[in-house]
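Visitor: Structure file my_file.txt, compact mmCIF, C-alpha atoms, is pasted below:
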```txt
# COMPACT_ATOMS: atom_id res chain seq x y z
CA MET A 1 21.66 19.84 -15.12
CA THR A 2 19.32 22.58 -13.88
CA GLN A 3 18.53 22.54 -10.21
CA THR A 4 14.84 21.72 -10.65
CA GLN A 5 15.59 18.58 -12.65
CA ASN A 6 14.84 15.35 -10.77
CA GLY A 7 12.83 17.35 -8.21
CA TRP A 8 15.65 19.37 -6.63
CA GLY A 9 14.60 22.96 -5.99
CA GLU A 10 10.88 22.29 -6.53
CA LYS A 11 8.32 23.25 -3.89
CA TYR A 12 6.65 20.29 -2.18
CA PRO A 13 3.46 20.65 -0.10
CA ALA A 14 3.24 19.80 3.60
CA PRO A 15 -0.53 19.92 4.22
CA ALA A 16 -2.46 20.51 7.42
CA LYS A 17 -4.63 17.81 8.96
CA LEU A 18 -7.78 17.79 11.03
CA ASN A 19 -8.84 15.24 13.63
CA LEU A 20 -12.51 14.77 12.77
CA MET A 21 -12.95 13.01 16.11
CA LEU A 22 -10.67 11.94 18.97
CA ARG A 23 -11.45 9.34 21.63
CA ILE A 24 -9.07 8.27 24.39
CA VAL A 25 -9.81 4.62 25.06
CA GLY A 26 -6.96 3.69 27.41
CA GLN A 27 -3.38 4.27 28.48
CA ARG A 28 -0.26 2.12 28.04
CA SER A 29 2.17 1.31 30.84
CA ASP A 30 4.67 3.78 29.31
CA GLY A 31 2.16 6.62 29.68
CA TYR A 32 1.18 6.90 26.02
CA HIS A 33 -2.54 7.21 25.47
CA LEU A 34 -4.49 4.78 23.30
CA LEU A 35 -6.61 6.69 20.83
CA GLN A 36 -9.23 6.37 18.16
CA THR A 37 -9.22 9.21 15.68
CA VAL A 38 -10.06 10.12 12.10
CA PHE A 39 -7.55 12.14 10.07
CA GLN A 40 -8.39 14.19 7.01
CA PHE A 41 -6.13 16.62 5.17
CA VAL A 42 -7.01 20.16 4.16
CA ASP A 43 -5.52 22.14 1.31
CA LEU A 44 -3.63 24.58 3.55
CA CYS A 45 0.08 23.83 3.19
CA ASP A 46 3.58 24.73 4.20
CA TRP A 47 5.87 24.51 1.15
CA ILE A 48 9.33 22.96 1.29
CA SER A 49 12.14 22.90 -1.26
CA PHE A 50 15.34 20.89 -1.12
CA HIS A 51 18.69 21.99 -2.55
CA PRO A 52 21.82 19.81 -2.88
CA ALA A 53 24.63 20.58 -0.41
CA ALA A 54 28.11 19.48 -1.48
CA ASP A 55 29.44 19.41 2.10
CA GLY A 56 27.18 16.50 3.10
CA ARG A 57 25.51 18.54 5.86
CA VAL A 58 21.82 19.08 6.59
CA SER A 59 20.93 22.74 7.10
CA LEU A 60 18.03 25.17 6.94
CA GLN A 61 18.17 28.16 4.64
CA LYS A 62 16.26 30.21 7.20
CA PRO A 63 15.79 28.74 10.72
CA LEU A 64 12.41 29.30 12.38
CA ALA A 65 12.40 31.98 15.07
CA GLY A 66 12.76 30.39 18.49
CA VAL A 67 13.63 26.91 17.16
CA ALA A 68 17.27 25.76 17.15
CA GLU A 69 18.26 24.44 13.72
CA ALA A 70 19.18 21.01 15.12
CA ASP A 71 15.72 20.75 16.74
CA ASP A 72 13.78 21.64 13.59
CA LEU A 73 11.72 18.63 12.53
CA THR A 74 12.80 18.87 8.89
CA VAL A 75 16.48 18.79 9.91
CA ARG A 76 15.85 15.92 12.32
CA ALA A 77 13.97 14.00 9.62
CA ALA A 78 16.79 14.44 7.09
CA ASN A 79 19.46 13.44 9.64
CA LEU A 80 17.36 10.41 10.63
CA LEU A 81 17.31 9.26 7.00
CA LYS A 82 21.09 9.69 6.78
CA ALA A 83 21.64 7.74 10.01
CA GLU A 84 19.26 4.97 8.95
CA THR A 85 20.73 4.47 5.46
CA GLY A 86 24.34 5.64 5.72
CA CYS A 87 23.62 8.24 3.03
CA GLU A 88 26.45 10.80 2.87
CA LEU A 89 24.64 13.40 0.75
CA GLY A 90 23.76 16.83 2.09
CA VAL A 91 20.76 19.09 1.72
CA SER A 92 19.80 22.69 2.33
CA ILE A 93 16.09 22.94 3.22
CA ALA A 94 13.87 25.97 2.59
CA VAL A 95 10.53 26.07 4.43
CA GLU A 96 7.72 28.48 3.57
CA LYS A 97 5.71 28.42 6.81
CA ASN A 98 1.98 29.06 6.37
CA LEU A 99 0.46 26.76 9.00
CA PRO A 100 0.21 28.16 12.53
CA MET A 101 2.50 26.58 15.11
CA GLY A 102 0.92 24.96 18.17
CA GLY A 103 -2.49 24.84 16.58
CA GLY A 104 -3.19 21.12 16.28
CA LEU A 105 -3.03 21.19 12.46
CA GLY A 106 0.15 19.09 12.44
CA GLY A 107 2.40 21.60 10.67
CA GLY A 108 5.71 20.44 12.16
CA SER A 109 4.81 16.77 11.73
CA SER A 110 3.74 17.39 8.13
CA ASP A 111 7.01 19.21 7.40
CA ALA A 112 8.92 16.22 8.79
CA ALA A 113 6.89 13.76 6.71
CA THR A 114 7.38 15.73 3.49
CA THR A 115 11.12 15.78 4.22
CA LEU A 116 11.22 12.00 4.75
CA VAL A 117 9.17 11.21 1.63
CA VAL A 118 10.86 13.67 -0.73
CA LEU A 119 14.46 13.04 0.35
CA ASN A 120 13.82 9.30 0.11
CA LYS A 121 13.09 10.02 -3.56
CA LEU A 122 15.77 12.67 -4.24
CA TRP A 123 18.51 10.67 -2.50
CA GLN A 124 17.22 7.46 -4.16
CA LEU A 125 17.13 5.59 -0.84
CA LYS A 126 14.23 3.30 -1.87
CA LEU A 127 12.80 2.92 1.65
CA SER A 128 9.20 1.63 1.71
CA THR A 129 6.28 3.77 2.87
CA GLU A 130 5.96 1.46 5.90
CA LYS A 131 9.61 2.02 6.82
CA LEU A 132 9.24 5.79 6.46
CA MET A 133 6.13 5.67 8.68
CA THR A 134 8.09 3.78 11.35
CA LEU A 135 10.92 6.31 11.18
CA GLY A 136 8.38 9.13 11.31
CA LEU A 137 6.80 7.78 14.49
CA SER A 138 10.11 8.38 16.31
CA LEU A 139 9.81 12.08 15.38
CA GLY A 140 6.17 12.49 16.45
CA ALA A 141 2.89 10.60 16.75
CA ASP A 142 1.30 12.45 13.80
CA VAL A 143 4.18 12.02 11.33
CA PRO A 144 3.07 8.55 10.05
CA ILE A 145 -0.31 9.80 8.80
CA PHE A 146 1.37 12.49 6.71
CA VAL A 147 3.74 9.88 5.24
CA TYR A 148 0.75 7.60 4.56
CA GLY A 149 -0.98 10.42 2.71
CA HIS A 150 -4.66 9.48 2.82
CA SER A 151 -7.62 10.09 5.11
CA ALA A 152 -7.58 7.38 7.72
CA TRP A 153 -9.06 5.83 10.79
CA ALA A 154 -6.24 5.53 13.34
CA GLU A 155 -5.84 3.60 16.58
CA GLY A 156 -3.08 2.76 19.06
CA VAL A 157 -1.03 5.91 19.66
CA GLY A 158 -2.08 6.93 16.16
CA GLU A 159 0.18 4.55 14.27
CA LYS A 160 -2.37 1.81 13.38
CA ILE A 161 -3.87 3.30 10.25
CA GLU A 162 -6.76 2.15 8.06
CA LYS A 163 -7.59 4.02 4.88
CA ILE A 164 -11.08 5.53 4.75
CA THR A 165 -12.81 8.04 2.49
CA VAL A 166 -14.83 10.85 4.05
CA PRO A 167 -16.78 13.69 2.39
CA GLU A 168 -14.48 16.44 1.08
CA GLN A 169 -16.30 19.38 2.62
CA TRP A 170 -15.39 23.04 2.92
CA VAL A 171 -13.86 23.92 6.27
CA VAL A 172 -13.51 27.07 8.33
CA ILE A 173 -10.69 26.93 10.87
CA ILE A 174 -10.12 29.41 13.71
CA LYS A 175 -6.68 29.69 15.34
CA PRO A 176 -7.20 31.23 18.81
CA ASP A 177 -4.35 33.36 20.11
CA CYS A 178 -2.88 30.67 22.35
CA HIS A 179 -0.60 27.63 22.14
CA VAL A 180 -2.07 24.48 23.68
CA ASN A 181 0.55 22.27 25.30
CA THR A 182 -0.37 18.73 24.20
CA GLY A 183 1.72 17.11 26.95
CA GLU A 184 -0.03 19.20 29.58
CA ILE A 185 -3.47 18.22 28.32
CA PHE A 186 -2.63 14.51 28.19
CA SER A 187 -1.18 14.59 31.72
CA THR A 188 -4.22 16.30 33.27
CA LYS A 189 -6.00 14.27 35.94
CA GLU A 190 -9.49 15.22 34.74
CA LEU A 191 -8.93 14.01 31.18
CA THR A 192 -11.29 11.22 30.08
CA ARG A 193 -9.17 8.13 29.44
CA ASN A 194 -11.77 5.37 29.34
CA SER A 195 -14.06 6.20 26.43
CA LYS A 196 -15.74 3.21 24.89
CA SER A 197 -14.20 2.14 21.58
CA ILE A 198 -16.42 2.76 18.58
CA ARG A 199 -16.42 1.48 15.01
CA ILE A 200 -15.99 3.43 11.79
CA ALA A 201 -19.74 3.07 11.19
CA ASP A 202 -20.42 4.89 14.48
CA PHE A 203 -18.24 7.80 13.37
CA VAL A 204 -19.99 7.92 9.99
CA ALA A 205 -23.34 7.96 11.85
CA GLY A 206 -22.29 11.15 13.64
CA GLN A 207 -20.16 10.29 16.69
CA HIS A 208 -17.64 13.13 16.48
CA GLN A 209 -16.64 13.71 20.11
CA ASN A 210 -13.18 14.92 21.10
CA ASP A 211 -12.30 13.77 24.61
CA CYS A 212 -9.85 16.66 25.09
CA ILE A 213 -12.38 19.43 24.59
CA GLU A 214 -13.49 19.98 28.22
CA VAL A 215 -9.97 20.09 29.63
CA VAL A 216 -8.74 22.38 26.83
CA CYS A 217 -11.66 24.79 27.26
CA GLN A 218 -11.11 24.95 31.04
CA ARG A 219 -7.48 25.93 30.57
CA TYR A 220 -7.74 28.04 27.43
CA PRO A 221 -10.85 30.29 27.49
CA SER A 222 -10.11 31.62 24.00
CA VAL A 223 -10.63 28.10 22.60
CA GLN A 224 -14.04 27.94 24.28
CA SER A 225 -14.87 31.38 22.87
CA ALA A 226 -13.83 30.36 19.34
CA LEU A 227 -15.95 27.20 19.53
CA ALA A 228 -18.96 29.28 20.62
CA ASP A 229 -18.53 31.77 17.76
CA LEU A 230 -18.09 29.02 15.17
CA ALA A 231 -21.08 27.08 16.50
CA ASP A 232 -23.33 29.88 15.21
CA PHE A 233 -22.64 28.56 11.71
CA SER A 234 -22.13 24.77 11.97
CA GLU A 235 -21.06 22.01 14.36
CA ALA A 236 -17.85 23.35 15.94
CA ARG A 237 -15.07 20.89 16.80
CA LEU A 238 -11.56 20.87 18.23
CA THR A 239 -8.76 19.31 16.17
CA GLY A 240 -6.42 17.17 18.28
CA THR A 241 -5.71 19.05 21.50
CA GLY A 242 -6.12 22.35 19.64
CA ALA A 243 -5.79 25.25 19.77
CA CYS A 244 -7.47 25.26 16.35
CA VAL A 245 -11.22 24.69 16.10
CA PHE A 246 -13.10 23.99 12.89
CA ALA A 247 -16.47 23.50 11.28
CA GLN A 248 -17.42 21.73 8.06
CA PHE A 249 -19.80 23.10 5.42
CA ASP A 250 -21.60 21.55 2.46
CA SER A 251 -20.82 24.44 0.11
CA GLN A 252 -18.12 27.02 -0.46
CA GLU A 253 -20.79 29.72 -0.20
CA LEU A 254 -21.83 28.71 3.33
CA ALA A 255 -18.21 28.35 4.45
CA ASP A 256 -17.31 31.74 2.98
CA ARG A 257 -20.23 33.38 4.80
CA ALA A 258 -18.87 32.10 8.12
CA TYR A 259 -15.31 33.06 7.16
CA GLN A 260 -16.31 36.63 6.26
CA SER A 261 -18.28 37.02 9.47
CA LEU A 262 -15.49 35.74 11.73
CA LYS A 263 -12.34 37.18 10.16
CA SER A 264 -12.56 40.60 11.83
CA LYS A 265 -12.37 38.95 15.28
CA TRP A 266 -10.24 35.84 14.73
CA GLN A 267 -7.32 34.44 12.75
CA VAL A 268 -9.43 32.38 10.31
CA TYR A 269 -8.65 30.03 7.43
CA LEU A 270 -11.00 28.91 4.66
CA ALA A 271 -9.99 25.52 3.29
CA LYS A 272 -11.20 22.39 1.54
CA GLY A 273 -11.06 18.94 3.10
CA ILE A 274 -9.21 16.45 0.89
CA ASN A 275 -8.79 12.69 1.19
CA GLU A 276 -5.45 12.43 -0.62
CA SER A 277 -2.48 14.45 0.57
CA PRO A 278 -1.39 16.99 -2.07
CA LEU A 279 2.15 15.65 -1.55
CA LEU A 280 1.03 12.21 -2.75
CA THR A 281 -0.84 13.80 -5.65
CA LYS A 282 2.24 15.78 -6.72
CA LEU A 283 4.60 12.78 -6.52
CA ARG A 284 2.18 10.64 -8.51
CA MET A 285 1.89 13.30 -11.21
CA ASP A 286 5.66 13.80 -11.29
CA GLY A 287 6.00 10.07 -11.95
```
Just dump the structure as structure tokens.
Guide:
Amino acid sequence: MTQTQNGWGEKYPAPAKLNLMLRIVGQRSDGYHLLQTVFQFVDLCDWISFHPAADGRVSLQKPLAGVAEADDLTVRAANLLKAETGCELGVSIAVEKNLPMGGGLGGGSSDAATTLVVLNKLWQLKLSTEKLMTLGLSLGADVPIFVYGHSAWAEGVGEKIEKITVPEQWVVIIKPDCHVNTGEIFSTKELTRNSKSIRIADFVAGQHQNDCIEVVCQRYPSVQSALADLADFSEARLTGTGACVFAQFDSQELADRAYQSLKSKWQVYLAKGINESPLLTKLRMDG
């Protein structure tokens, strides 16, 4: 059997996500914030391949700089599957990292979700999507949406997900040269925590606010600067707690014009918004 048969050794996408809006509508007794947000994927991806390991261990072919192998979200996801199911098989994981770390695009969470979904298939564990989403939530609040694999309206701490379809526009994303600490932003006294809940129809009508934006801009001037530069071309928004900011465009030509203008000053990505995760698309096509 060649290694790429049955999916072993193939490259699987772990796409980025954007929060098209983010409202903080309350806080639970355990400190977690209650949110309303809209997730959409973009076609920027990390790529992950999985290779059988005869020793039954989970390992990385090349650990990320500054991240202990045991702490890597792909390793944690694989070990979580083993612990949950009693699976004794091993895997060596290769990650091609393209998404910026600490940018609010969900790269680590997406890597974890791709690991859960693909190893569930390769190891023939037969866990349901709902079960994988529940497992994913223990690894991070954004992991369930990547397991779910479709644009969604999300509430709670991000785990109550309702499928929606939003326009698949072109997107320009700026990654300022800073790492925003999500925990720090959510623990800030000045953060708005009592926004009024809205409905999907309100979002569709243009309510795109992100309640984190003021606090993030106060603490990270480069985020404020990136938003200002991007606003010259289209409505500029923050994804999650950042640091990445983005703007949507109706055509590739308009998006490319902004991209070309900004790329000499910023780390910029030109991407396409997509409603279905490319991971889901690939698995469906693989059959």
Visitor: From the set A:Cys45, A:Leu191, A:Val166, A:Ala70, which residue has the shortest atom-to-atom contact distance to Tyr12 of chain A, counting all atoms listed in the file?
Guide: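 Looking at the shortest contact to Tyr12 of chain A, the residue is A:Cys45.
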Visitor: Between A:Lys82, A:Lys175, A:Lys121, A:Lys163, which has the minimum distance to Gly102 of chain A (counting all atoms listed in the file)?
Guide: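 Smallest distance to Gly102 of chain A is found for A:Lys175.
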Visitor: In terms of the shortest atom-to-atom distance over only C-alpha atoms, which of A:Gln260, A:Thr188, A:Thr182, A:Ser59 is closest to Val75 of chain A?
Guide: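 Closest to Val75 of chain A of all the choices is A:Ser59.
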Visitor: Emit as lines of an AutoDock Vina configuration file the padded axis-aligned box for all listed atoms of segment 176-194 of chain A, 3 Å per side, with centre and edge lengths in Å to one decimal.
Guide:
```
center_x = -5.0
center_y = 19.4
center_z = 27.4
size_x = 19.5
size_y = 34.0
size_z = 23.1
```
Visitor: Find the spatial neighbours of Ile198 of chain A, counting all atoms listed in the file, within a cut-off of 10 Å - ignore same-chain residues fewer than 3 positions away - and output them as a ChimeraX atom specification.
Guide: /A:23,25,36,195,201-203,207
